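Colleague: File my_file19.txt below, compact mmCIF, N, CA and C atoms:
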# COMPACT_ATOMS: atom_id res chain seq x y z
N MET H 840 -18.24 -33.72 -18.04
CA MET H 840 -18.19 -33.38 -16.62
C MET H 840 -16.75 -33.44 -16.10
N ASP H 841 -15.96 -34.34 -16.68
CA ASP H 841 -14.57 -34.48 -16.25
C ASP H 841 -13.78 -33.21 -16.55
N THR H 842 -14.04 -32.59 -17.70
CA THR H 842 -13.34 -31.35 -18.03
C THR H 842 -13.76 -30.22 -17.08
N MET H 843 -15.01 -30.26 -16.66
CA MET H 843 -15.49 -29.26 -15.71
C MET H 843 -14.80 -29.44 -14.36
N GLN H 844 -14.62 -30.65 -13.92
CA GLN H 844 -13.92 -30.91 -12.66
C GLN H 844 -12.46 -30.49 -12.76
N ASN H 845 -11.85 -30.77 -13.90
CA ASN H 845 -10.46 -30.35 -14.10
C ASN H 845 -10.35 -28.82 -14.09
N PHE H 846 -11.30 -28.16 -14.74
CA PHE H 846 -11.30 -26.70 -14.75
C PHE H 846 -11.48 -26.16 -13.33
N ALA H 847 -12.40 -26.78 -12.58
CA ALA H 847 -12.64 -26.34 -11.19
C ALA H 847 -11.38 -26.55 -10.35
N ARG H 848 -10.68 -27.67 -10.57
CA ARG H 848 -9.43 -27.92 -9.83
C ARG H 848 -8.36 -26.89 -10.19
N SER H 849 -8.24 -26.58 -11.48
CA SER H 849 -7.22 -25.60 -11.89
C SER H 849 -7.59 -24.21 -11.37
N LEU H 850 -8.88 -23.90 -11.37
CA LEU H 850 -9.33 -22.63 -10.83
C LEU H 850 -9.06 -22.56 -9.32
N ALA H 851 -9.32 -23.66 -8.62
CA ALA H 851 -9.05 -23.71 -7.18
C ALA H 851 -7.56 -23.53 -6.91
N ALA H 852 -6.71 -24.15 -7.74
CA ALA H 852 -5.26 -24.00 -7.57
C ALA H 852 -4.85 -22.53 -7.77
N MET H 853 -5.42 -21.89 -8.79
CA MET H 853 -5.11 -20.48 -9.03
C MET H 853 -5.59 -19.63 -7.86
N PHE H 854 -6.79 -19.91 -7.35
CA PHE H 854 -7.31 -19.14 -6.22
C PHE H 854 -6.51 -19.40 -4.94
N ARG H 855 -5.99 -20.60 -4.75
CA ARG H 855 -5.13 -20.87 -3.58
C ARG H 855 -3.87 -20.01 -3.65
N GLU H 856 -3.31 -19.90 -4.85
CA GLU H 856 -2.13 -19.05 -5.04
C GLU H 856 -2.46 -17.59 -4.74
N GLU H 857 -3.60 -17.14 -5.24
CA GLU H 857 -4.01 -15.76 -5.00
C GLU H 857 -4.34 -15.54 -3.52
N LEU H 858 -4.91 -16.52 -2.87
CA LEU H 858 -5.20 -16.43 -1.44
C LEU H 858 -3.90 -16.25 -0.66
N GLY H 859 -2.87 -16.99 -1.04
CA GLY H 859 -1.56 -16.83 -0.41
C GLY H 859 -1.03 -15.42 -0.58
N PHE H 860 -1.20 -14.87 -1.78
CA PHE H 860 -0.75 -13.49 -2.02
C PHE H 860 -1.52 -12.52 -1.13
N TYR H 861 -2.84 -12.66 -1.06
CA TYR H 861 -3.62 -11.71 -0.27
C TYR H 861 -3.36 -11.86 1.23
N ARG H 862 -3.02 -13.06 1.67
CA ARG H 862 -2.60 -13.22 3.08
C ARG H 862 -1.31 -12.45 3.32
N SER H 863 -0.35 -12.62 2.40
CA SER H 863 0.92 -11.89 2.52
C SER H 863 0.70 -10.38 2.46
N LEU H 864 -0.21 -9.97 1.60
CA LEU H 864 -0.54 -8.55 1.48
C LEU H 864 -1.08 -8.02 2.80
N TYR H 865 -1.97 -8.76 3.43
CA TYR H 865 -2.55 -8.33 4.70
C TYR H 865 -1.46 -8.20 5.77
N VAL H 866 -0.56 -9.18 5.82
CA VAL H 866 0.52 -9.13 6.81
C VAL H 866 1.42 -7.91 6.56
N LEU H 867 1.73 -7.65 5.31
CA LEU H 867 2.57 -6.51 4.97
C LEU H 867 1.88 -5.19 5.32
N LEU H 868 0.60 -5.08 5.00
CA LEU H 868 -0.14 -3.85 5.33
C LEU H 868 -0.22 -3.64 6.85
N ASP H 869 -0.39 -4.73 7.57
CA ASP H 869 -0.43 -4.65 9.03
C ASP H 869 0.92 -4.19 9.57
N ARG H 870 1.99 -4.70 8.99
CA ARG H 870 3.33 -4.28 9.41
C ARG H 870 3.55 -2.81 9.08
N GLN H 871 3.07 -2.37 7.94
CA GLN H 871 3.18 -0.96 7.58
C GLN H 871 2.42 -0.09 8.56
N ARG H 872 1.26 -0.57 8.99
CA ARG H 872 0.48 0.19 9.98
C ARG H 872 1.29 0.37 11.25
N ASP H 873 1.96 -0.70 11.70
CA ASP H 873 2.81 -0.60 12.89
C ASP H 873 3.93 0.40 12.67
N TRP H 874 4.56 0.35 11.52
CA TRP H 874 5.64 1.30 11.22
C TRP H 874 5.12 2.73 11.27
N LEU H 875 3.96 2.95 10.68
CA LEU H 875 3.40 4.30 10.67
C LEU H 875 2.98 4.75 12.06
N LYS H 876 2.36 3.85 12.81
CA LYS H 876 1.86 4.20 14.14
C LYS H 876 2.97 4.53 15.11
N TYR H 877 4.04 3.75 15.08
CA TYR H 877 5.06 3.85 16.10
C TYR H 877 6.26 4.66 15.65
N GLU H 878 5.98 5.66 14.81
CA GLU H 878 6.97 6.69 14.47
C GLU H 878 8.24 6.14 13.83
N ARG H 879 8.11 5.20 12.98
CA ARG H 879 9.29 4.69 12.28
C ARG H 879 9.44 5.43 10.94
N ASP H 880 9.82 6.69 11.04
CA ASP H 880 9.95 7.51 9.84
C ASP H 880 11.00 6.96 8.88
N SER H 881 11.96 6.24 9.40
CA SER H 881 13.01 5.69 8.54
C SER H 881 12.45 4.63 7.59
N ARG H 882 11.27 4.11 7.86
CA ARG H 882 10.68 3.06 7.04
C ARG H 882 9.73 3.61 5.96
N ILE H 883 9.53 4.90 5.91
CA ILE H 883 8.56 5.46 4.97
C ILE H 883 8.95 5.14 3.53
N LEU H 884 10.20 5.25 3.19
CA LEU H 884 10.63 4.93 1.83
C LEU H 884 10.36 3.46 1.52
N ASP H 885 10.62 2.58 2.48
CA ASP H 885 10.34 1.15 2.29
C ASP H 885 8.85 0.93 2.04
N ILE H 886 8.02 1.65 2.77
CA ILE H 886 6.57 1.51 2.63
C ILE H 886 6.15 1.89 1.21
N TYR H 887 6.64 3.03 0.73
CA TYR H 887 6.26 3.46 -0.62
C TYR H 887 6.80 2.52 -1.69
N THR H 888 7.98 1.96 -1.50
CA THR H 888 8.52 0.97 -2.43
C THR H 888 7.62 -0.26 -2.46
N ASP H 889 7.22 -0.73 -1.28
CA ASP H 889 6.32 -1.88 -1.20
C ASP H 889 5.00 -1.59 -1.88
N ILE H 890 4.47 -0.40 -1.69
CA ILE H 890 3.19 -0.04 -2.29
C ILE H 890 3.26 -0.14 -3.81
N GLU H 891 4.34 0.35 -4.40
CA GLU H 891 4.47 0.28 -5.86
C GLU H 891 4.53 -1.17 -6.35
N LYS H 892 5.27 -2.00 -5.63
CA LYS H 892 5.35 -3.42 -6.00
C LYS H 892 3.98 -4.09 -5.87
N LEU H 893 3.27 -3.76 -4.80
CA LEU H 893 1.96 -4.37 -4.56
C LEU H 893 0.95 -3.94 -5.61
N LYS H 894 1.00 -2.70 -6.03
CA LYS H 894 0.08 -2.25 -7.08
C LYS H 894 0.23 -3.12 -8.32
N LYS H 895 1.48 -3.38 -8.69
CA LYS H 895 1.74 -4.22 -9.87
C LYS H 895 1.22 -5.63 -9.67
N ARG H 896 1.47 -6.19 -8.49
CA ARG H 896 1.05 -7.57 -8.22
C ARG H 896 -0.47 -7.69 -8.15
N ILE H 897 -1.14 -6.71 -7.58
CA ILE H 897 -2.60 -6.72 -7.53
C ILE H 897 -3.16 -6.65 -8.95
N GLN H 898 -2.56 -5.82 -9.78
CA GLN H 898 -3.01 -5.72 -11.17
C GLN H 898 -2.80 -7.06 -11.89
N GLU H 899 -1.68 -7.72 -11.65
CA GLU H 899 -1.44 -9.04 -12.25
C GLU H 899 -2.51 -10.03 -11.81
N SER H 900 -2.86 -10.00 -10.53
CA SER H 900 -3.89 -10.89 -10.00
C SER H 900 -5.22 -10.64 -10.69
N GLN H 901 -5.59 -9.38 -10.80
CA GLN H 901 -6.85 -9.03 -11.47
C GLN H 901 -6.83 -9.47 -12.93
N ASP H 902 -5.72 -9.22 -13.61
CA ASP H 902 -5.62 -9.60 -15.02
C ASP H 902 -5.71 -11.11 -15.20
N LYS H 903 -5.06 -11.85 -14.31
CA LYS H 903 -5.07 -13.30 -14.40
C LYS H 903 -6.50 -13.84 -14.25
N ILE H 904 -7.19 -13.40 -13.23
CA ILE H 904 -8.56 -13.88 -12.98
C ILE H 904 -9.50 -13.44 -14.11
N THR H 905 -9.37 -12.19 -14.55
CA THR H 905 -10.21 -11.69 -15.64
C THR H 905 -9.96 -12.47 -16.92
N GLY H 906 -8.69 -12.77 -17.19
CA GLY H 906 -8.35 -13.53 -18.39
C GLY H 906 -8.98 -14.91 -18.39
N VAL H 907 -8.90 -15.60 -17.27
CA VAL H 907 -9.50 -16.93 -17.16
C VAL H 907 -11.01 -16.83 -17.31
N ARG H 908 -11.60 -15.86 -16.66
CA ARG H 908 -13.06 -15.70 -16.74
C ARG H 908 -13.51 -15.40 -18.17
N GLU H 909 -12.79 -14.52 -18.85
CA GLU H 909 -13.19 -14.15 -20.22
C GLU H 909 -12.99 -15.28 -21.21
N ARG H 910 -11.96 -16.08 -21.03
CA ARG H 910 -11.71 -17.21 -21.95
C ARG H 910 -12.71 -18.34 -21.76
N ASN H 911 -13.19 -18.53 -20.53
CA ASN H 911 -14.06 -19.67 -20.22
C ASN H 911 -15.23 -19.21 -19.34
N GLU H 912 -16.00 -18.28 -19.83
CA GLU H 912 -17.01 -17.64 -18.99
C GLU H 912 -18.02 -18.63 -18.40
N THR H 913 -18.53 -19.53 -19.21
CA THR H 913 -19.53 -20.48 -18.72
C THR H 913 -18.91 -21.42 -17.70
N GLN H 914 -17.77 -21.99 -18.04
CA GLN H 914 -17.09 -22.90 -17.10
C GLN H 914 -16.72 -22.17 -15.82
N PHE H 915 -16.30 -20.93 -15.95
CA PHE H 915 -15.90 -20.14 -14.78
C PHE H 915 -17.08 -20.01 -13.82
N ARG H 916 -18.26 -19.64 -14.34
CA ARG H 916 -19.44 -19.49 -13.49
C ARG H 916 -19.83 -20.80 -12.82
N VAL H 917 -19.76 -21.89 -13.57
CA VAL H 917 -20.12 -23.19 -13.00
C VAL H 917 -19.10 -23.60 -11.95
N ALA H 918 -17.81 -23.38 -12.23
CA ALA H 918 -16.75 -23.77 -11.30
C ALA H 918 -16.83 -22.98 -10.00
N LEU H 919 -17.34 -21.76 -10.05
CA LEU H 919 -17.48 -20.96 -8.83
C LEU H 919 -18.46 -21.58 -7.84
N GLU H 920 -19.31 -22.46 -8.33
CA GLU H 920 -20.27 -23.13 -7.45
C GLU H 920 -19.66 -24.33 -6.74
N ALA H 921 -18.50 -24.79 -7.18
CA ALA H 921 -17.84 -25.90 -6.50
C ALA H 921 -17.49 -25.46 -5.08
N PRO H 922 -17.72 -26.32 -4.07
CA PRO H 922 -17.52 -25.91 -2.67
C PRO H 922 -16.12 -25.36 -2.38
N GLU H 923 -15.08 -26.01 -2.87
CA GLU H 923 -13.72 -25.55 -2.58
C GLU H 923 -13.46 -24.19 -3.23
N VAL H 924 -13.90 -24.02 -4.47
CA VAL H 924 -13.69 -22.75 -5.17
C VAL H 924 -14.48 -21.64 -4.47
N ALA H 925 -15.72 -21.93 -4.10
CA ALA H 925 -16.55 -20.93 -3.41
C ALA H 925 -15.91 -20.52 -2.08
N ARG H 926 -15.36 -21.49 -1.35
CA ARG H 926 -14.70 -21.20 -0.07
C ARG H 926 -13.48 -20.30 -0.30
N LEU H 927 -12.69 -20.63 -1.32
CA LEU H 927 -11.50 -19.82 -1.62
C LEU H 927 -11.89 -18.40 -2.02
N VAL H 928 -12.93 -18.27 -2.82
CA VAL H 928 -13.39 -16.94 -3.23
C VAL H 928 -13.86 -16.15 -2.01
N ASP H 929 -14.59 -16.80 -1.11
CA ASP H 929 -15.04 -16.13 0.12
C ASP H 929 -13.85 -15.68 0.96
N ASN H 930 -12.84 -16.55 1.08
CA ASN H 930 -11.65 -16.19 1.86
C ASN H 930 -10.90 -15.01 1.24
N ILE H 931 -10.76 -15.04 -0.08
CA ILE H 931 -10.07 -13.94 -0.77
C ILE H 931 -10.86 -12.64 -0.59
N THR H 932 -12.16 -12.72 -0.74
CA THR H 932 -13.02 -11.54 -0.57
C THR H 932 -12.88 -10.96 0.83
N SER H 933 -12.89 -11.84 1.84
CA SER H 933 -12.74 -11.38 3.22
C SER H 933 -11.39 -10.71 3.43
N LEU H 934 -10.33 -11.32 2.89
CA LEU H 934 -9.00 -10.73 3.03
C LEU H 934 -8.91 -9.38 2.32
N ILE H 935 -9.51 -9.28 1.16
CA ILE H 935 -9.49 -8.00 0.44
C ILE H 935 -10.19 -6.93 1.26
N ASN H 936 -11.33 -7.28 1.85
CA ASN H 936 -12.04 -6.31 2.70
C ASN H 936 -11.20 -5.89 3.89
N LYS H 937 -10.50 -6.85 4.52
CA LYS H 937 -9.62 -6.51 5.65
C LYS H 937 -8.48 -5.62 5.17
N CYS H 938 -7.92 -5.92 4.00
CA CYS H 938 -6.83 -5.11 3.46
C CYS H 938 -7.29 -3.68 3.20
N VAL H 939 -8.50 -3.53 2.68
CA VAL H 939 -9.05 -2.20 2.42
C VAL H 939 -9.17 -1.42 3.73
N GLU H 940 -9.61 -2.09 4.79
CA GLU H 940 -9.73 -1.43 6.09
C GLU H 940 -8.37 -0.97 6.60
N VAL H 941 -7.36 -1.84 6.47
CA VAL H 941 -6.01 -1.49 6.94
C VAL H 941 -5.44 -0.36 6.10
N VAL H 942 -5.67 -0.38 4.80
CA VAL H 942 -5.18 0.69 3.93
C VAL H 942 -5.81 2.02 4.34
N ALA H 943 -7.11 2.00 4.62
CA ALA H 943 -7.78 3.24 5.05
C ALA H 943 -7.17 3.75 6.35
N GLU H 944 -6.90 2.84 7.28
CA GLU H 944 -6.28 3.24 8.54
C GLU H 944 -4.87 3.77 8.30
N ASN H 945 -4.11 3.09 7.43
CA ASN H 945 -2.75 3.54 7.12
C ASN H 945 -2.76 4.93 6.48
N GLU H 946 -3.72 5.16 5.59
CA GLU H 946 -3.82 6.48 4.97
C GLU H 946 -4.11 7.56 6.01
N SER H 947 -4.97 7.25 6.95
CA SER H 947 -5.30 8.21 8.01
C SER H 947 -4.07 8.51 8.86
N ILE H 948 -3.35 7.46 9.23
CA ILE H 948 -2.14 7.64 10.04
C ILE H 948 -1.10 8.44 9.25
N ALA H 949 -0.94 8.10 7.97
CA ALA H 949 0.05 8.79 7.14
C ALA H 949 -0.32 10.26 6.97
N GLU H 950 -1.59 10.56 6.83
CA GLU H 950 -2.03 11.95 6.69
C GLU H 950 -1.73 12.74 7.97
N THR H 951 -2.01 12.12 9.11
CA THR H 951 -1.71 12.76 10.39
C THR H 951 -0.21 13.02 10.52
N LYS H 952 0.57 12.02 10.15
CA LYS H 952 2.03 12.15 10.22
C LYS H 952 2.51 13.22 9.25
N SER H 953 1.92 13.28 8.08
CA SER H 953 2.29 14.28 7.09
C SER H 953 2.02 15.69 7.61
N GLU H 954 0.86 15.87 8.24
CA GLU H 954 0.53 17.18 8.82
C GLU H 954 1.53 17.55 9.91
N ARG H 955 1.89 16.56 10.74
CA ARG H 955 2.86 16.81 11.81
C ARG H 955 4.21 17.21 11.22
N LEU H 956 4.65 16.50 10.17
CA LEU H 956 5.94 16.81 9.55
C LEU H 956 5.92 18.20 8.90
N ARG H 957 4.81 18.54 8.26
CA ARG H 957 4.70 19.89 7.67
C ARG H 957 4.81 20.95 8.76
N SER H 958 4.16 20.71 9.89
CA SER H 958 4.21 21.65 11.00
C SER H 958 5.64 21.77 11.54
N GLU H 959 6.31 20.63 11.66
CA GLU H 959 7.70 20.66 12.15
C GLU H 959 8.61 21.39 11.17
N LEU H 960 8.40 21.17 9.87
CA LEU H 960 9.22 21.86 8.87
C LEU H 960 8.97 23.37 8.90
N ALA H 961 7.71 23.76 9.07
CA ALA H 961 7.40 25.18 9.19
C ALA H 961 8.07 25.76 10.43
N GLY H 962 8.07 25.00 11.52
CA GLY H 962 8.74 25.44 12.74
C GLY H 962 10.24 25.59 12.53
N LEU H 963 10.82 24.66 11.79
CA LEU H 963 12.25 24.76 11.50
C LEU H 963 12.56 25.99 10.65
N ALA H 964 11.71 26.26 9.68
CA ALA H 964 11.92 27.44 8.84
C ALA H 964 11.82 28.71 9.68
N ASP H 965 10.83 28.75 10.57
CA ASP H 965 10.69 29.92 11.46
C ASP H 965 11.91 30.04 12.36
N GLY H 966 12.37 28.91 12.88
CA GLY H 966 13.55 28.91 13.74
C GLY H 966 14.79 29.36 13.00
N ARG H 967 14.92 28.95 11.76
CA ARG H 967 16.07 29.36 10.95
C ARG H 967 16.05 30.87 10.73
N GLN H 968 14.87 31.44 10.46
CA GLN H 968 14.77 32.89 10.28
C GLN H 968 15.10 33.63 11.57
N PHE H 969 14.62 33.10 12.69
CA PHE H 969 14.90 33.70 13.99
C PHE H 969 16.40 33.64 14.28
N TYR H 970 17.00 32.48 14.03
CA TYR H 970 18.42 32.29 14.28
C TYR H 970 19.24 33.23 13.38
N ALA H 971 18.82 33.37 12.14
CA ALA H 971 19.53 34.25 11.21
C ALA H 971 19.46 35.70 11.69
N ALA H 972 18.34 36.08 12.30
CA ALA H 972 18.21 37.45 12.80
C ALA H 972 19.12 37.68 14.00
N LEU H 973 19.44 36.64 14.76
CA LEU H 973 20.32 36.78 15.92
C LEU H 973 21.80 36.74 15.55
N GLU H 974 22.12 36.14 14.44
CA GLU H 974 23.51 36.00 14.02
C GLU H 974 24.10 37.36 13.68
N PRO H 975 25.31 37.61 14.13
CA PRO H 975 25.95 38.85 13.70
C PRO H 975 26.30 38.73 12.21
N GLU H 976 26.19 39.81 11.53
CA GLU H 976 26.49 39.76 10.11
C GLU H 976 27.99 39.61 9.93
N THR H 977 28.37 38.69 9.10
CA THR H 977 29.79 38.45 8.86
C THR H 977 30.24 39.10 7.56
N ALA H 978 29.31 39.54 6.76
CA ALA H 978 29.67 40.20 5.51
C ALA H 978 30.08 41.64 5.81
N PRO H 979 31.00 42.17 5.04
CA PRO H 979 31.40 43.56 5.27
C PRO H 979 30.25 44.51 4.99
N ARG H 980 30.21 45.57 5.76
CA ARG H 980 29.16 46.58 5.60
C ARG H 980 29.73 47.76 4.82
N PHE H 981 28.88 48.26 4.00
CA PHE H 981 29.30 49.42 3.20
C PHE H 981 28.50 50.63 3.65
N VAL H 982 29.22 51.66 4.01
CA VAL H 982 28.57 52.90 4.40
C VAL H 982 29.14 53.99 3.50
N ASP H 983 28.29 54.71 2.87
CA ASP H 983 28.72 55.76 1.95
C ASP H 983 29.69 55.25 0.92
N GLN H 984 29.41 54.10 0.36
CA GLN H 984 30.23 53.51 -0.69
C GLN H 984 31.63 53.14 -0.25
N LYS H 985 31.91 53.12 1.06
CA LYS H 985 33.22 52.76 1.55
C LYS H 985 33.10 51.55 2.47
N LYS H 986 34.20 50.84 2.58
CA LYS H 986 34.25 49.69 3.48
C LYS H 986 34.43 50.11 4.89
If you convert what's in this file into structure tokens, what do you get?

Modeller:
Amino acid sequence: MDTMQNFARSLAAMFREELGFYRSLYVLLDRQRDWLKYERDSRILDIYTDIEKLKKRIQESQDKITGVRERNETQFRVALEAPEVARLVDNITSLINKCVEVVAENESIAETKSERLRSELAGLADGRQFYAALEPETAPRFVDQKK
């Protein structure tokens, strides 16, 4: 029983660390939502850089938990019933669900912004063509093979 309690404690410690990560993830995603909502186009590169880093960290988190579960499947299931471990798992699950909601909202905002930027770029291209049509030609004209 002592080894089971030690395993539950080590599992709780690992889940506390992961809970800290998912809290940070939620804060970062919320900040990204603000950047996207309030027209901070200068932050888009930062957002994509953060997303790539987060993908790696989320994968590490999944691998870590999966590795522990696969190495000690029976102990893992029993330890999940410990009150502290169960509470941590519930908190992590809730944070993941909140993160998924924020990501969905961020994707919607980014798609809207992307459509707006495409429209603006098309407008610029049209404006450039219009402006080019108004510009006097500066190149020499050739008439009947003469300058």

Colleague: So how far away is atom N of Val941 of chain H from atom N of Asp869 of chain H, in Å?

Modeller: 7.6 Å

Colleague: List the spatial neighbours of Arg855 of chain H as JSON, numbers by chain - criterion: any atom at most 10 Å away, only C-alpha atoms, same-chain residues fewer than 6 positions off excluded.

Modeller: {"H": [849, 861, 923, 924, 927, 928, 930, 931]}

Colleague: Just the number, please: distance in Å from atom C of Leu875 of chain H to atom CA of Ser958 of chain H, one decimal.

Modeller: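 Interatomic distance, atom C of Leu875 of chain H to atom CA of Ser958 of chain H: 17.0 Å.
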
Colleague: Please measure the separation of atom N of Glu912 of chain H and atom C of Glu856 of chain H, giving the value in Å to one decimal.

Modeller: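 Between atom N of Glu912 of chain H and atom C of Glu856 of chain H the gap is 20.3 Å.
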
Colleague: Using only C-alpha atoms, which residue out of H:Lys894, H:Arg862, H:Lys952, H:Arg910 lies closest to Trp874 of chain H?

Modeller: H:Lys952
